[in-house]
Every structure is written in C-alpha cells, then in structure tokens.
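Structure file query_12.cif; described as mmCIF, C-alpha atoms.
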data_entry
#
loop_
_atom_site.label_atom_id
_atom_site.label_comp_id
_atom_site.auth_asym_id
_atom_site.auth_seq_id
_atom_site.Cartn_x
_atom_site.Cartn_y
_atom_site.Cartn_z
CA MET T 260 163.37 -113.68 -295.75
CA SER T 261 161.24 -110.56 -295.32
CA THR T 262 161.80 -107.96 -292.63
CA PRO T 263 159.17 -108.03 -289.86
CA ARG T 264 156.90 -104.97 -289.86
CA SER T 265 158.10 -103.94 -286.36
CA GLU T 266 161.67 -103.55 -287.66
CA LEU T 267 160.73 -101.20 -290.51
CA ALA T 268 160.45 -98.20 -288.19
CA LEU T 269 163.74 -98.83 -286.36
CA ASP T 270 166.66 -96.49 -286.97
CA LEU T 271 169.46 -99.11 -287.20
CA LEU T 272 173.22 -98.61 -286.95
CA PHE T 273 173.77 -100.66 -290.14
CA PRO T 274 171.66 -102.83 -292.48
CA GLN T 275 170.09 -105.98 -290.97
CA GLU T 276 171.25 -107.97 -294.03
CA LEU T 277 174.83 -107.96 -292.72
CA ILE T 278 173.83 -110.27 -289.86
CA SER T 279 174.23 -113.92 -290.81
CA PRO T 280 170.83 -115.53 -291.38
CA GLU T 281 172.39 -118.85 -290.34
CA VAL T 282 173.28 -117.41 -286.93
CA ALA T 283 169.86 -115.77 -286.57
CA ALA T 284 168.16 -119.10 -287.35
CA GLN T 285 169.98 -120.77 -284.44
CA LEU T 286 168.40 -118.48 -281.84
CA PRO T 287 165.29 -119.56 -279.94
CA SER T 288 162.11 -118.25 -281.57
CA ASP T 289 161.46 -115.82 -278.69
CA LEU T 290 164.73 -113.96 -279.38
CA GLN T 291 165.84 -111.75 -282.25
CA ILE T 292 169.33 -110.62 -283.30
CA ARG T 293 169.65 -107.27 -285.04
CA PRO T 294 171.81 -104.15 -285.34
CA LEU T 295 171.75 -101.63 -282.50
CA ALA T 296 168.87 -99.15 -282.93
CA SER T 297 168.76 -95.49 -281.92
CA THR T 298 166.00 -96.35 -279.44
CA ASP T 299 167.88 -99.18 -277.68
CA TYR T 300 168.81 -97.01 -274.71
CA LYS T 301 165.20 -97.54 -273.58
CA ARG T 302 165.52 -101.30 -274.13
CA GLY T 303 168.29 -101.64 -271.55
CA HIS T 304 171.45 -101.54 -273.67
CA LEU T 305 173.53 -100.09 -270.83
CA ASP T 306 172.01 -102.50 -268.30
CA VAL T 307 173.34 -105.47 -270.26
CA LEU T 308 176.76 -103.83 -270.70
CA SER T 309 176.94 -103.42 -266.93
CA VAL T 310 177.67 -107.15 -266.53
CA LEU T 311 181.14 -106.33 -267.92
CA THR T 312 182.21 -103.28 -265.94
CA VAL T 313 181.01 -100.02 -264.42
CA VAL T 314 178.79 -98.17 -266.88
CA ASN T 315 178.42 -94.43 -266.46
CA ASP T 316 174.93 -93.58 -267.67
CA LEU T 317 175.13 -90.04 -269.02
CA GLY T 318 171.49 -90.08 -270.08
CA GLU T 319 169.55 -90.91 -273.19
CA ALA T 320 170.54 -87.78 -275.15
CA ALA T 321 174.26 -88.53 -274.72
CA TRP T 322 173.67 -92.20 -275.65
CA VAL T 323 171.80 -91.18 -278.83
CA ASN T 324 174.58 -88.71 -279.73
CA GLN T 325 177.14 -91.53 -279.39
CA PHE T 326 174.96 -93.78 -281.60
CA HIS T 327 174.89 -91.12 -284.33
CA ALA T 328 178.64 -90.43 -283.98
CA MET T 329 179.29 -94.12 -284.59
CA ARG T 330 176.91 -94.29 -287.55
CA VAL T 331 178.47 -91.35 -289.42
CA THR T 332 181.65 -93.41 -289.71
CA PRO T 333 180.35 -95.86 -292.34
CA CYS T 334 181.64 -99.43 -292.54
CA THR T 335 183.37 -99.11 -289.17
CA TYR T 336 181.09 -99.83 -286.19
CA TYR T 337 178.83 -102.86 -286.04
CA SER T 338 177.04 -103.16 -282.70
CA ILE T 339 174.43 -105.88 -282.42
CA VAL T 340 171.82 -106.81 -279.85
CA ILE T 341 169.79 -109.86 -278.99
CA LEU T 342 166.28 -108.83 -278.04
CA ASP T 343 163.71 -110.73 -276.00
CA LYS T 344 160.62 -110.27 -278.17
CA ALA T 345 158.07 -110.65 -275.35
CA SER T 346 159.59 -108.00 -273.07
CA ASP T 347 161.19 -105.85 -275.83
CA LYS T 348 164.35 -105.83 -273.68
CA ILE T 349 167.94 -106.39 -274.78
CA VAL T 350 169.48 -109.56 -273.35
CA GLY T 351 172.78 -109.68 -275.26
CA VAL T 352 175.15 -107.22 -276.95
CA GLY T 353 178.43 -107.08 -278.82
CA THR T 354 180.40 -104.92 -281.22
CA VAL T 355 182.96 -105.40 -283.95
CA PHE T 356 184.76 -102.37 -285.31
CA ILE T 357 186.84 -102.41 -288.45
CA GLU T 358 190.36 -101.00 -288.37
CA ARG T 359 191.80 -100.09 -291.75
CA LYS T 360 195.55 -100.67 -292.06
CA PHE T 361 198.47 -99.90 -294.32
CA LEU T 362 199.72 -103.46 -293.76
CA ARG T 363 198.79 -106.54 -295.77
CA GLY T 364 197.87 -104.70 -298.92
CA LEU T 365 195.75 -102.09 -297.14
CA GLY T 366 193.99 -104.84 -295.20
CA SER T 367 191.48 -104.55 -292.38
CA VAL T 368 191.19 -106.12 -288.95
CA GLY T 369 187.97 -106.71 -287.05
CA HIS T 370 188.12 -105.95 -283.32
CA ILE T 371 185.43 -107.61 -281.21
CA GLU T 372 184.50 -105.68 -278.08
CA ASP T 373 181.94 -105.51 -275.29
CA ILE T 374 180.38 -108.98 -275.46
CA ALA T 375 177.76 -109.17 -272.73
CA VAL T 376 174.76 -111.36 -271.96
CA ASP T 377 172.21 -110.59 -269.26
CA LYS T 378 172.80 -112.82 -266.24
CA SER T 379 169.31 -114.33 -266.58
CA GLN T 380 170.14 -115.48 -270.14
CA GLN T 381 173.64 -116.86 -269.63
CA GLY T 382 174.24 -120.51 -270.49
CA LYS T 383 171.94 -120.43 -273.54
CA LYS T 384 174.71 -120.00 -276.16
CA LEU T 385 173.79 -116.35 -276.77
CA GLY T 386 177.44 -115.29 -276.34
CA LEU T 387 178.42 -117.86 -278.97
CA ARG T 388 175.77 -116.52 -281.37
CA ILE T 389 176.97 -112.94 -280.83
CA ILE T 390 180.58 -113.96 -281.55
CA GLN T 391 179.50 -115.91 -284.64
CA ALA T 392 177.47 -112.96 -285.96
CA LEU T 393 180.27 -110.44 -285.35
CA THR T 394 182.91 -112.72 -286.86
CA SER T 395 180.72 -113.12 -289.94
CA ILE T 396 180.36 -109.33 -290.27
CA SER T 397 184.14 -108.96 -289.94
CA GLU T 398 184.78 -111.56 -292.62
CA LYS T 399 182.10 -110.13 -294.95
CA SER T 400 183.85 -106.76 -294.52
CA GLY T 401 187.05 -108.30 -295.91
CA CYS T 402 189.04 -108.43 -292.67
CA TYR T 403 192.08 -110.70 -292.83
CA LYS T 404 191.67 -111.47 -289.12
CA THR T 405 189.27 -110.86 -286.26
CA ILE T 406 190.73 -110.33 -282.80
CA LEU T 407 189.51 -109.78 -279.26
CA ASN T 408 190.85 -109.37 -275.75
CA CYS T 409 189.59 -111.41 -272.85
CA SER T 410 190.44 -112.48 -269.32
CA ASP T 411 192.19 -115.80 -268.76
CA ALA T 412 188.93 -117.13 -267.33
CA ASN T 413 187.16 -116.52 -270.67
CA ILE T 414 189.79 -118.18 -272.88
CA PRO T 415 187.97 -121.57 -272.93
CA PHE T 416 184.75 -119.86 -274.11
CA TYR T 417 186.47 -118.07 -276.99
CA GLU T 418 188.33 -121.25 -277.95
CA LYS T 419 184.90 -122.92 -278.32
CA CYS T 420 184.04 -120.05 -280.66
CA GLY T 421 187.03 -120.92 -282.88
CA TYR T 422 189.52 -118.36 -281.56
CA VAL T 423 193.08 -119.22 -280.52
CA LYS T 424 195.26 -117.60 -277.85
CA LYS T 425 197.92 -115.44 -279.50
CA GLU T 426 200.29 -112.85 -278.06
CA ASN T 427 199.52 -110.57 -275.11
CA GLU T 428 197.57 -107.40 -274.45
CA MET T 429 199.09 -104.29 -272.93
CA ALA T 430 197.04 -101.37 -271.63
CA LYS T 431 197.65 -97.91 -270.25
CA TYR T 432 194.60 -96.28 -268.77
CA ALA T 433 194.19 -92.52 -268.81
CA SER T 434 194.06 -90.75 -265.46
CA ASP T 435 190.72 -90.00 -263.85
CA THR T 436 191.13 -86.34 -264.86
CA VAL T 437 190.82 -87.22 -268.56
CA HIS T 438 187.18 -87.17 -269.66
CA ALA T 439 185.37 -88.53 -272.68
CA PRO T 440 184.87 -86.07 -275.54
CA LYS T 441 181.59 -84.18 -275.54
CA LEU T 442 179.52 -84.90 -278.62
#

Starting from the file, give its structure as structure tokens.
Amino acid sequence: MSTPRSELALDLLFPQELISPEVAAQLPSDLQIRPLASTDYKRGHLDVLSVLTVVNDLGEAAWVNQFHAMRVTPCTYYSIVILDKASDKIVGVGTVFIERKFLRGLGSVGHIEDIAVDKSQQGKKLGLRIIQALTSISEKSGCYKTILNCSDANIPFYEKCGYVKKENEMAKYASDTVHAPKL
C-alpha cells in the first residue's frame, strides 16, 4: 500500500507502517488513522482530548515543543489520531507508551492512555479501532502485556476490546503549586 501524497509532507511522531493495516482498513473511507503529526495542534488535537478532562492550552509553540520532546525518546511514545479527511480535523486520539523493565527478562509493558473520540463521532467504533491499533503497536514492540486505567463505567467497553479487569489503580496527585516542566 503506497503512502498518499498528502502524508509525505507530514512530520510524524513515528513511522506510519507501525499502524496495523488491518485496523486502518476497517475505518470508513472518509477517515484516516495515522501517527500524530507536528501540525496536529491546528487540527484540533487538544479539542478532542478535552472530552476526557480539563485541557490547559498553553499555545501552539508549547504543544510543538512537547511533540518534539516525545519524539526524541525513540521507541517510547506512540500517539495516533483519526482524521476526518473532508474537514482535515482530528476526531479520535490515543497513545501507548512503552515502559522498559528489569522484570521478565528485561521485558516491556505498553501503557494505553488518553483515548478520546469527538462527541459527534462516538458510537462508530472509532474507540475500538484506536485500542486495536495501539495494542498492535504494543505487541509489535515486544511488550509482554498492554495495560490501561479506566473508570468503572468504561469497563464494558474495554472488555469488548479484549481487555480483562485486573487489580486496582492508586493515584496521588501533585498539589496545584507543582507545575509541568518547561520545555
């Protein structure tokens, strides 16, 4: 399968070939799945993430700096987007990051994070396709397991994606006085 001409100019987080062609083929023809691009701030990346939680928009320059900080850590961050071709807007997002361990023969674990689908696109199996694509990347990266955290309300969705409930999550949030590092 050849790369469309419009994708050749995109500055992608990782190579398109890591996204499962089987998953991509299951999307409607008006949508495209691909790695996050350095220009996706303008395509509404943060808008889609805002369906999850409060998103502090620090501006395009800060977003681009974060993109480059993630990319200079090779084989670690895999953020993907689903793009509506007609509007050139992002309608779905997700990330898997790879944690290298000393356990299990220096194994790796894939952590799925920040799965979000624009409210206007929900119910079209885009979340399922994002999970399938990220799980495939995790497995292709040699991870012995892929994990994620979710609310109790989302457990049935992730079970449909092939995940099983296991253990519990604990969290300790930093105080409001702690700020993100400046890049």

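What the PyMOL selection byres ((chain T and resi 337) around 7) matches in the given file is Phe273, Thr335, Tyr336, Ser338, Ile339, Thr354, Val355 and Phe356 of chain T.
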
If you measure from atom CA of T:Leu407 to atom CA of T:Thr312, what distance in Å do you get, rounded to one decimal?
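Separating atom CA of T:Leu407 from atom CA of T:Thr312 is a distance of 16.5 Å.
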
Closest of T:Cys402, T:Cys334, T:Leu286, T:Leu387 to T:Tyr422, counting all atoms listed in the file, is T:Leu387

Excluding same-chain residues fewer than 2 positions from stretch 425-430 of chain T, what lies within 9 Å of it counting all atoms listed in the file, as a PyMOL selection string?
chain T and resi 408+423+432

Figure out the distance between atom CA of T:Gly421 and atom CA of T:Gln391, please, to one decimal in Å.
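Computed distance, atom CA of T:Gln391 to atom CA of T:Gly421, equals 9.2 Å.
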
Which one is closest to T:Ala345: T:Ala321, T:Val376, T:Leu290, T:Ile389? Count all atoms listed in the file.
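Looking at the shortest contact to T:Ala345, the residue is T:Leu290.
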
Which residues, named as in the file, does the PyMOL selection byres ((chain T and resi 398) around 12) pick out? Answer as a compact mmCIF listing (two decimals) with C-alpha atoms, in the coordinates of the input.
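See out.txt below for the written result:
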# COMPACT_ATOMS: atom_id res chain seq x y z
CA LEU T 277 174.83 -107.96 -292.72
CA ILE T 278 173.83 -110.27 -289.86
CA SER T 279 174.23 -113.92 -290.81
CA VAL T 355 182.96 -105.40 -283.95
CA PHE T 356 184.76 -102.37 -285.31
CA ILE T 357 186.84 -102.41 -288.45
CA GLY T 366 193.99 -104.84 -295.20
CA SER T 367 191.48 -104.55 -292.38
CA VAL T 368 191.19 -106.12 -288.95
CA GLY T 369 187.97 -106.71 -287.05
CA HIS T 370 188.12 -105.95 -283.32
CA GLN T 391 179.50 -115.91 -284.64
CA ALA T 392 177.47 -112.96 -285.96
CA LEU T 393 180.27 -110.44 -285.35
CA THR T 394 182.91 -112.72 -286.86
CA SER T 395 180.72 -113.12 -289.94
CA ILE T 396 180.36 -109.33 -290.27
CA SER T 397 184.14 -108.96 -289.94
CA LYS T 399 182.10 -110.13 -294.95
CA SER T 400 183.85 -106.76 -294.52
CA GLY T 401 187.05 -108.30 -295.91
CA CYS T 402 189.04 -108.43 -292.67
CA TYR T 403 192.08 -110.70 -292.83
CA LYS T 404 191.67 -111.47 -289.12
CA THR T 405 189.27 -110.86 -286.26
CA ILE T 406 190.73 -110.33 -282.80

Evaluated on this file, the PyMOL selection byres ((chain T and resi 308) around 12) picks out some residues - which ones are they, written as a VMD selection string?
chain T and resid 300 303 to 307 309 to 316 340 349 to 354 372 to 378

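Distance annotation: of T:Asn413, T:Ser288, T:Asn324, T:Ser434, the residue with the minimal separation from T:Ile341 is T:Ser288; atom set is all atoms listed in the file.
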
Determine the nearest neighbour of T:Lys301 from the options T:Arg388, T:Lys348, T:Pro280, T:Asp289, counting only C-alpha atoms.
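Closest to T:Lys301, using only C-alpha atoms: T:Lys348.
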
With distances taken over only C-alpha atoms, which of T:Thr298, T:Ser410, T:Thr332, T:Gln275 is nearest to T:Asp347?
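Using only C-alpha atoms, the shortest distance to T:Asp347 belongs to T:Thr298.
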
If you measure from atom CA of T:Ile390 to atom CA of T:Val323, what distance in Å do you get, rounded to one decimal?
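Here the two named atoms are 24.6 Å from each other.
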
Between T:Lys360, T:Ile292, T:Glu281, T:Leu271, smallest distance to T:Lys344 by all atoms listed in the file belongs to T:Ile292
